[in-house]
Amino acid sequence: MAVEERSSPAVPVAEPLARLQDVFKIYREGSIETVALRGASLELPRGMLTSMVGPSGSGKSTLLLIMAGLALPSAGQVILDGQDLSRLDEAARARIRGERIAVIFQSGNLIPFLSALENVQLAQTLSGKLRRNQKLARDLLVEVGLGKRLHHRPPQLSGGEVQRVAVAVALASEPDLLLADELTGELDSATADMVMGVLSEVWQQRHLTILLVTHNVELAARADHQLRLIDGLVQRA
Ligand SMILES: Nc1ncnc2c1ncn2[C@@H]1O[C@H](COP(=O)(O)OP(=O)(O)OP(=O)(O)O)[C@@H](O)[C@H]1O
Ligand SMILES: [Mg+2]
């Protein structure tokens, strides 16, 4: 019997899922200009958790908003899968955001008068993916360890629980890029560890690409790919 032989093609170097190229961001308020990013470049390798640390005011949140397509750079490129988000119109950017990108902030991700389950379901509805999987919202909350907190509203939850709901909300749109700004910033270290454990689990389950902005150098050091932002410029940590 003939054995089919396949030539092994050279393994292509995987394109990063997302990257920033020479990004500048200048905030203008009247005559005052603040240069928040001054030529920042970075790559977010597919399926990898990248951490970013940097002093207060170094431009981390600005960079994350630009990567998410929620703010436009003053100059430079914001590439997601080969497409420059900064050149798209607002509607096209919003569509890509809804389908592919999720952002978690330090606080304020949740609607206070909706239950944990309703918060996740709302995110799912907004992403247009509710019909595909009715059970997803509940499953996500179980996955982040909140199966017994489905009907609690955010004010009735602890800080760590709120951030775990925020993780579930972020996952509801089934994104491939997750951007988190100080996810554990308001938590004590044991709770921060627990939330990071949950994030790490969901990351491994889904082959997600994550950018984790944090002040916590210890948490940042656990990532395989570590960056530092100093004065609006990205350096390898
Ligand atoms: N909307 C805005 N309008 C004007 N200036 C802004 C705006 N947002 C941020 N800045 C300024 O841009 C610079 C970078 O801010 P940014 O919030 O990105 O820093 P950061 O690294 O996230 O800081 P922190 O660690 O304190 O969260 C700061 O000087 C800040 O004052
Ligand atoms: Mg910030």
# chains A, B, ... in the order shown; residues from 1 in each chain; ligands from 1
$ residues_near_ligand --ligand "ligand 2" --cutoff "8 Å" --atoms "only C-alpha atoms and all ligand atoms" --output "short mmCIF file (atom, residue, chain, number, x, y, z; two decimals) with N, CA and C atoms, in the first residue's frame"
data_model
loop_
_atom_site.label_atom_id
_atom_site.label_comp_id
_atom_site.auth_asym_id
_atom_site.auth_seq_id
_atom_site.Cartn_x
_atom_site.Cartn_y
_atom_site.Cartn_z
N SER A 56 1.61 55.56 36.93
CA SER A 56 0.37 56.29 36.72
C SER A 56 0.61 57.42 35.73
N GLY A 57 -0.28 57.55 34.77
CA GLY A 57 -0.16 58.63 33.79
C GLY A 57 0.72 58.27 32.59
N GLY A 59 0.05 56.28 30.24
CA GLY A 59 -0.73 56.10 29.01
C GLY A 59 -1.36 54.73 28.85
N LYS A 60 -1.37 53.92 29.92
CA LYS A 60 -1.86 52.54 29.82
C LYS A 60 -3.34 52.48 29.40
N SER A 61 -4.18 53.26 30.11
CA SER A 61 -5.61 53.21 29.80
C SER A 61 -5.87 53.77 28.40
N THR A 62 -5.14 54.80 28.05
CA THR A 62 -5.28 55.38 26.71
C THR A 62 -4.96 54.32 25.66
N ASP A 181 -8.35 46.46 32.08
CA ASP A 181 -7.65 47.61 32.68
C ASP A 181 -7.82 47.55 34.19
N GLU A 182 -6.78 47.18 34.90
CA GLU A 182 -6.83 47.13 36.37
C GLU A 182 -8.00 46.28 36.86
#
$ residues_near_ligand --ligand "ligand 1" --cutoff "9 Å" --atoms "only C-alpha atoms and all ligand atoms" --output "VMD selection string"
chain A and resid 25 to 29 32 to 37 53 to 65 181 to 182 213 to 215 229 to 232
$ residues_around --residues "A:Arg153" --least-positions-apart "4" --cutoff "6 Å" --atoms "only C-alpha atoms" --output "JSON, numbers by chain"
{"A": [114, 115, 116]}
$ write_last_selection --atoms "C-alpha atoms" --output "PDB file, in the first residue's frame"
ATOM      1  CA  LEU A 114     -29.689  44.115  36.974  1.00  0.00           C
ATOM      2  CA  SER A 115     -28.809  40.730  38.448  1.00  0.00           C
ATOM      3  CA  ALA A 116     -25.537  38.998  37.598  1.00  0.00           C
TER       4      ALA A 116
END
$ select_by_dssp --residues "stretch 23-214 of chain A" --states "strand (DSSP E)" --output "JSON list (two decimals) with C-alpha atoms, in the first residue's frame"
[["chain", "number", "residue", "atom", "x", "y", "z"],
["A", 23, "VAL", "CA", 0.73, 55.16, 17.96],
["A", 24, "PHE", "CA", 0.51, 58.73, 19.19],
["A", 25, "LYS", "CA", -2.31, 60.13, 21.26],
["A", 26, "ILE", "CA", -2.50, 63.80, 22.01],
["A", 27, "TYR", "CA", -5.34, 65.06, 24.18],
["A", 28, "ARG", "CA", -6.24, 68.68, 23.50],
["A", 29, "GLU", "CA", -8.21, 70.69, 26.04],
["A", 32, "ILE", "CA", -3.41, 72.52, 26.82],
["A", 33, "GLU", "CA", -1.97, 69.49, 25.04],
["A", 34, "THR", "CA", -1.13, 66.22, 26.76],
["A", 35, "VAL", "CA", 0.89, 63.70, 24.80],
["A", 36, "ALA", "CA", -0.31, 60.41, 26.31],
["A", 37, "LEU", "CA", 1.30, 58.08, 23.76],
["A", 38, "ARG", "CA", 4.39, 59.01, 21.75],
["A", 39, "GLY", "CA", 5.05, 56.31, 19.20],
["A", 40, "ALA", "CA", 3.86, 53.25, 21.12],
["A", 41, "SER", "CA", 4.22, 49.91, 19.31],
["A", 42, "LEU", "CA", 3.35, 46.44, 20.56],
["A", 43, "GLU", "CA", 2.19, 43.04, 19.45],
["A", 44, "LEU", "CA", -0.36, 40.81, 21.14],
["A", 49, "LEU", "CA", -1.65, 36.60, 27.95],
["A", 50, "THR", "CA", 0.33, 39.83, 27.74],
["A", 51, "SER", "CA", 0.75, 41.99, 30.83],
["A", 52, "MET", "CA", 1.49, 45.67, 30.85],
["A", 53, "VAL", "CA", 2.72, 47.71, 33.79],
["A", 75, "ALA", "CA", -1.35, 59.02, 14.47],
["A", 76, "GLY", "CA", -0.25, 55.44, 13.93],
["A", 77, "GLN", "CA", -1.94, 52.14, 13.21],
["A", 78, "VAL", "CA", -4.20, 49.89, 15.27],
["A", 79, "ILE", "CA", -4.19, 46.53, 13.58],
["A", 80, "LEU", "CA", -6.55, 43.65, 14.37],
["A", 83, "GLN", "CA", -7.09, 45.38, 9.46],
["A", 84, "ASP", "CA", -6.41, 48.94, 10.60],
["A", 101, "ILE", "CA", -13.19, 42.58, 21.44],
["A", 102, "ALA", "CA", -14.20, 42.73, 25.09],
["A", 103, "VAL", "CA", -12.99, 45.29, 27.61],
["A", 104, "ILE", "CA", -13.05, 44.99, 31.39],
["A", 177, "LEU", "CA", -9.37, 39.67, 22.21],
["A", 178, "LEU", "CA", -9.89, 40.55, 25.87],
["A", 179, "LEU", "CA", -8.52, 43.82, 27.22],
["A", 180, "ALA", "CA", -8.54, 44.32, 30.98],
["A", 181, "ASP", "CA", -7.65, 47.61, 32.68],
["A", 209, "THR", "CA", -5.65, 36.68, 23.50],
["A", 210, "ILE", "CA", -5.48, 38.94, 26.56],
["A", 211, "LEU", "CA", -3.88, 42.26, 27.39],
["A", 212, "LEU", "CA", -3.85, 42.77, 31.14],
["A", 213, "VAL", "CA", -2.98, 46.25, 32.33]]
$ atom_distance --atom1 "atom CA of A:Arg46" --atom2 "atom CA of A:Ala18"
8.0 Å
$ residues_around --residues "A:Ala221" --least-positions-apart "5" --cutoff "9 Å" --atoms "only C-alpha atoms" --output "list in words"
Ser51, Asn216, Gln226 and Ala237 of chain A
$ write_last_selection --atoms "N, CA and C atoms" --output "PDB file, in the first residue's frame"
ATOM      1  N   SER A  51       0.991  41.033  29.742  1.00  0.00           N
ATOM      2  CA  SER A  51       0.746  41.985  30.833  1.00  0.00           C
ATOM      3  C   SER A  51       1.433  43.301  30.508  1.00  0.00           C
ATOM      4  N   ASN A 216       0.038  45.864  39.478  1.00  0.00           N
ATOM      5  CA  ASN A 216       0.560  44.803  40.334  1.00  0.00           C
ATOM      6  C   ASN A 216       1.679  44.043  39.615  1.00  0.00           C
ATOM      7  N   GLN A 226       5.525  40.080  28.682  1.00  0.00           N
ATOM      8  CA  GLN A 226       5.411  41.205  29.618  1.00  0.00           C
ATOM      9  C   GLN A 226       5.907  42.494  28.988  1.00  0.00           C
ATOM     10  N   ALA A 237       9.218  44.320  29.299  1.00  0.00           N
ATOM     11  CA  ALA A 237       9.504  44.382  30.741  1.00  0.00           C
ATOM     12  C   ALA A 237      10.615  43.413  31.094  1.00  0.00           C
TER      13      ALA A 237
END
$ residues_around --residues "A:Ser189" --least-positions-apart "2" --cutoff "12 Å" --atoms "only C-alpha atoms" --output "list in words"
Gly159, Gly160, Thr184, Gly185, Glu186, Leu187, Thr191, Ala192, Asp193, Met194, Val195, Met196, Asn216, Val217, Glu218 and Leu219 of chain A
$ write_last_selection --atoms "N, CA and C atoms" --output "PDB file, in the first residue's frame"
ATOM      1  N   GLY A 159     -16.401  42.559  46.094  1.00  0.00           N
ATOM      2  CA  GLY A 159     -15.574  43.113  45.009  1.00  0.00           C
ATOM      3  C   GLY A 159     -15.070  42.033  44.055  1.00  0.00           C
ATOM      4  N   GLY A 160     -14.627  40.927  44.629  1.00  0.00           N
ATOM      5  CA  GLY A 160     -14.105  39.840  43.797  1.00  0.00           C
ATOM      6  C   GLY A 160     -15.209  39.201  42.955  1.00  0.00           C
ATOM      7  N   THR A 184      -8.061  43.875  38.778  1.00  0.00           N
ATOM      8  CA  THR A 184      -8.000  43.540  40.207  1.00  0.00           C
ATOM      9  C   THR A 184      -7.536  44.731  41.050  1.00  0.00           C
ATOM     10  N   GLY A 185      -7.615  45.920  40.452  1.00  0.00           N
ATOM     11  CA  GLY A 185      -7.041  47.107  41.092  1.00  0.00           C
ATOM     12  C   GLY A 185      -7.618  47.441  42.452  1.00  0.00           C
ATOM     13  N   GLU A 186      -8.900  47.108  42.661  1.00  0.00           N
ATOM     14  CA  GLU A 186      -9.532  47.508  43.926  1.00  0.00           C
ATOM     15  C   GLU A 186      -9.649  46.339  44.905  1.00  0.00           C
ATOM     16  N   LEU A 187      -8.964  45.243  44.585  1.00  0.00           N
ATOM     17  CA  LEU A 187      -9.124  44.037  45.410  1.00  0.00           C
ATOM     18  C   LEU A 187      -7.901  43.798  46.293  1.00  0.00           C
ATOM     19  N   THR A 191      -7.930  38.145  47.085  1.00  0.00           N
ATOM     20  CA  THR A 191      -9.061  38.183  46.147  1.00  0.00           C
ATOM     21  C   THR A 191      -8.552  38.412  44.728  1.00  0.00           C
ATOM     22  N   ALA A 192      -7.542  39.281  44.589  1.00  0.00           N
ATOM     23  CA  ALA A 192      -6.948  39.520  43.267  1.00  0.00           C
ATOM     24  C   ALA A 192      -6.406  38.210  42.694  1.00  0.00           C
ATOM     25  N   ASP A 193      -5.764  37.437  43.539  1.00  0.00           N
ATOM     26  CA  ASP A 193      -5.225  36.136  43.122  1.00  0.00           C
ATOM     27  C   ASP A 193      -6.325  35.218  42.613  1.00  0.00           C
ATOM     28  N   MET A 194      -7.438  35.224  43.343  1.00  0.00           N
ATOM     29  CA  MET A 194      -8.548  34.354  42.975  1.00  0.00           C
ATOM     30  C   MET A 194      -9.140  34.779  41.634  1.00  0.00           C
ATOM     31  N   VAL A 195      -9.335  36.087  41.443  1.00  0.00           N
ATOM     32  CA  VAL A 195      -9.892  36.583  40.173  1.00  0.00           C
ATOM     33  C   VAL A 195      -8.924  36.279  39.027  1.00  0.00           C
ATOM     34  N   MET A 196      -7.627  36.429  39.297  1.00  0.00           N
ATOM     35  CA  MET A 196      -6.632  36.107  38.265  1.00  0.00           C
ATOM     36  C   MET A 196      -6.659  34.619  37.924  1.00  0.00           C
ATOM     37  N   ASN A 216       0.038  45.864  39.478  1.00  0.00           N
ATOM     38  CA  ASN A 216       0.560  44.803  40.334  1.00  0.00           C
ATOM     39  C   ASN A 216       1.679  44.043  39.615  1.00  0.00           C
ATOM     40  N   VAL A 217       2.922  44.374  39.952  1.00  0.00           N
ATOM     41  CA  VAL A 217       4.055  43.782  39.230  1.00  0.00           C
ATOM     42  C   VAL A 217       4.140  42.276  39.445  1.00  0.00           C
ATOM     43  N   GLU A 218       3.654  41.840  40.592  1.00  0.00           N
ATOM     44  CA  GLU A 218       3.692  40.404  40.876  1.00  0.00           C
ATOM     45  C   GLU A 218       2.756  39.646  39.924  1.00  0.00           C
ATOM     46  N   LEU A 219       1.544  40.200  39.734  1.00  0.00           N
ATOM     47  CA  LEU A 219       0.606  39.573  38.790  1.00  0.00           C
ATOM     48  C   LEU A 219       1.159  39.652  37.371  1.00  0.00           C
TER      49      LEU A 219
END
$ residues_around --residues "stretch 91-94 of chain A" --least-positions-apart "4" --cutoff "8 Å" --atoms "only C-alpha atoms" --output "list in words"
Gly69, Leu85 and Gly98 of chain A
$ write_last_selection --atoms "C-alpha atoms" --output "mmCIF file, in the first residue's frame"
data_model
loop_
_atom_site.group_PDB
_atom_site.id
_atom_site.type_symbol
_atom_site.label_atom_id
_atom_site.label_comp_id
_atom_site.auth_asym_id
_atom_site.auth_seq_id
_atom_site.Cartn_x
_atom_site.Cartn_y
_atom_site.Cartn_z
ATOM 1 C CA GLY A 69 -11.258 50.921 19.046
ATOM 2 C CA LEU A 85 -9.258 49.796 12.994
ATOM 3 C CA GLY A 98 -19.031 43.835 19.359
#
$ select_by_dssp --residues "stretch 3-228 of chain A" --states "helix (DSSP H, G or I)" --output "PyMOL selection string"
chain A and resi 60-67+85-87+90-100+116-126+136-143+154-156+159-171+189-206+217-220
$ closest_residue --among "A:Leu20, A:Met67, A:Ala170, A:Ile111" --to "A:Leu140" --atoms "only C-alpha atoms"
A:Ala170
$ residues_around --residues "A:Leu122" --least-positions-apart "6" --cutoff "12 Å" --atoms "only C-alpha atoms" --output "ChimeraX atom specification"
/A:109-111,114-116,128-130,134,136-137,168-173
$ closest_residue --among "A:Glu143, A:Glu201, A:Glu174, A:Glu161" --to "A:Thr125" --atoms "only C-alpha atoms"
A:Glu174
$ decode --residues "stretch 40-76 of chain A" --atoms "N, CA and C atoms" --output "JSON list (two decimals), in the first residue's frame"
[["chain", "number", "residue", "atom", "x", "y", "z"],
["A", 40, "ALA", "N", 3.94, 54.56, 20.46],
["A", 40, "ALA", "CA", 3.86, 53.25, 21.12],
["A", 40, "ALA", "C", 3.62, 52.15, 20.07],
["A", 41, "SER", "N", 4.40, 51.08, 20.18],
["A", 41, "SER", "CA", 4.22, 49.91, 19.31],
["A", 41, "SER", "C", 4.21, 48.67, 20.18],
["A", 42, "LEU", "N", 3.34, 47.72, 19.85],
["A", 42, "LEU", "CA", 3.35, 46.44, 20.56],
["A", 42, "LEU", "C", 2.64, 45.40, 19.73],
["A", 43, "GLU", "N", 2.88, 44.16, 20.10],
["A", 43, "GLU", "CA", 2.19, 43.04, 19.45],
["A", 43, "GLU", "C", 1.52, 42.21, 20.52],
["A", 44, "LEU", "N", 0.31, 41.75, 20.24],
["A", 44, "LEU", "CA", -0.36, 40.81, 21.14],
["A", 44, "LEU", "C", -0.42, 39.46, 20.43],
["A", 45, "PRO", "N", 0.51, 38.56, 20.78],
["A", 45, "PRO", "CA", 0.53, 37.26, 20.12],
["A", 45, "PRO", "C", -0.75, 36.48, 20.38],
["A", 46, "ARG", "N", -1.20, 35.76, 19.38],
["A", 46, "ARG", "CA", -2.44, 34.98, 19.49],
["A", 46, "ARG", "C", -2.39, 33.98, 20.63],
["A", 47, "GLY", "N", -3.46, 33.96, 21.41],
["A", 47, "GLY", "CA", -3.59, 32.96, 22.46],
["A", 47, "GLY", "C", -2.69, 33.22, 23.65],
["A", 48, "MET", "N", -2.07, 34.38, 23.68],
["A", 48, "MET", "CA", -1.13, 34.64, 24.77],
["A", 48, "MET", "C", -1.69, 35.69, 25.73],
["A", 49, "LEU", "N", -1.28, 35.59, 26.98],
["A", 49, "LEU", "CA", -1.65, 36.60, 27.95],
["A", 49, "LEU", "C", -0.47, 37.57, 28.06],
["A", 50, "THR", "N", -0.71, 38.80, 27.67],
["A", 50, "THR", "CA", 0.33, 39.83, 27.74],
["A", 50, "THR", "C", 0.00, 40.75, 28.90],
["A", 51, "SER", "N", 0.99, 41.03, 29.74],
["A", 51, "SER", "CA", 0.75, 41.99, 30.83],
["A", 51, "SER", "C", 1.43, 43.30, 30.51],
["A", 52, "MET", "N", 0.86, 44.37, 31.04],
["A", 52, "MET", "CA", 1.49, 45.67, 30.85],
["A", 52, "MET", "C", 1.45, 46.44, 32.16],
["A", 53, "VAL", "N", 2.62, 46.86, 32.60],
["A", 53, "VAL", "CA", 2.72, 47.71, 33.79],
["A", 53, "VAL", "C", 3.24, 49.07, 33.35],
["A", 54, "GLY", "N", 3.21, 50.01, 34.26],
["A", 54, "GLY", "CA", 3.73, 51.34, 33.95],
["A", 54, "GLY", "C", 3.23, 52.32, 34.98],
["A", 55, "PRO", "N", 3.98, 53.39, 35.22],
["A", 55, "PRO", "CA", 3.58, 54.35, 36.24],
["A", 55, "PRO", "C", 2.24, 55.00, 35.91],
["A", 56, "SER", "N", 1.61, 55.56, 36.93],
["A", 56, "SER", "CA", 0.37, 56.29, 36.72],
["A", 56, "SER", "C", 0.61, 57.42, 35.73],
["A", 57, "GLY", "N", -0.28, 57.55, 34.77],
["A", 57, "GLY", "CA", -0.16, 58.63, 33.79],
["A", 57, "GLY", "C", 0.72, 58.27, 32.59],
["A", 58, "SER", "N", 1.23, 57.04, 32.56],
["A", 58, "SER", "CA", 2.13, 56.69, 31.45],
["A", 58, "SER", "C", 1.38, 56.38, 30.16],
["A", 59, "GLY", "N", 0.05, 56.28, 30.24],
["A", 59, "GLY", "CA", -0.73, 56.10, 29.01],
["A", 59, "GLY", "C", -1.36, 54.73, 28.85],
["A", 60, "LYS", "N", -1.37, 53.92, 29.92],
["A", 60, "LYS", "CA", -1.86, 52.54, 29.82],
["A", 60, "LYS", "C", -3.34, 52.48, 29.40],
["A", 61, "SER", "N", -4.18, 53.26, 30.11],
["A", 61, "SER", "CA", -5.61, 53.21, 29.80],
["A", 61, "SER", "C", -5.87, 53.77, 28.40],
["A", 62, "THR", "N", -5.14, 54.80, 28.05],
["A", 62, "THR", "CA", -5.28, 55.38, 26.71],
["A", 62, "THR", "C", -4.96, 54.32, 25.66],
["A", 63, "LEU", "N", -3.86, 53.61, 25.88],
["A", 63, "LEU", "CA", -3.45, 52.57, 24.93],
["A", 63, "LEU", "C", -4.52, 51.49, 24.81],
["A", 64, "LEU", "N", -5.09, 51.10, 25.95],
["A", 64, "LEU", "CA", -6.11, 50.05, 25.95],
["A", 64, "LEU", "C", -7.37, 50.51, 25.20],
["A", 65, "LEU", "N", -7.77, 51.77, 25.42],
["A", 65, "LEU", "CA", -8.96, 52.29, 24.73],
["A", 65, "LEU", "C", -8.74, 52.33, 23.22],
["A", 66, "ILE", "N", -7.51, 52.67, 22.82],
["A", 66, "ILE", "CA", -7.19, 52.73, 21.39],
["A", 66, "ILE", "C", -7.17, 51.32, 20.80],
["A", 67, "MET", "N", -6.56, 50.40, 21.55],
["A", 67, "MET", "CA", -6.53, 49.00, 21.07],
["A", 67, "MET", "C", -7.95, 48.46, 20.90],
["A", 68, "ALA", "N", -8.86, 48.90, 21.78],
["A", 68, "ALA", "CA", -10.25, 48.43, 21.73],
["A", 68, "ALA", "C", -11.06, 49.13, 20.64],
["A", 69, "GLY", "N", -10.49, 50.16, 20.04],
["A", 69, "GLY", "CA", -11.26, 50.92, 19.05],
["A", 69, "GLY", "C", -12.25, 51.87, 19.69],
["A", 70, "LEU", "N", -12.10, 52.10, 21.00],
["A", 70, "LEU", "CA", -13.01, 53.01, 21.70],
["A", 70, "LEU", "C", -12.51, 54.46, 21.63],
["A", 71, "ALA", "N", -11.24, 54.63, 21.28],
["A", 71, "ALA", "CA", -10.68, 55.96, 21.05],
["A", 71, "ALA", "C", -9.80, 55.87, 19.82],
["A", 72, "LEU", "N", -9.64, 56.97, 19.14],
["A", 72, "LEU", "CA", -8.82, 56.96, 17.93],
["A", 72, "LEU", "C", -7.44, 57.52, 18.23],
["A", 73, "PRO", "N", -6.41, 56.96, 17.61],
["A", 73, "PRO", "CA", -5.07, 57.53, 17.81],
["A", 73, "PRO", "C", -4.94, 58.85, 17.04],
["A", 74, "SER", "N", -4.04, 59.71, 17.49],
["A", 74, "SER", "CA", -3.76, 60.94, 16.72],
["A", 74, "SER", "C", -2.94, 60.59, 15.49],
["A", 75, "ALA", "N", -2.12, 59.53, 15.61],
["A", 75, "ALA", "CA", -1.35, 59.02, 14.47],
["A", 75, "ALA", "C", -0.99, 57.58, 14.78],
["A", 76, "GLY", "N", -0.66, 56.84, 13.74],
["A", 76, "GLY", "CA", -0.25, 55.44, 13.93],
["A", 76, "GLY", "C", -1.35, 54.46, 13.56]]
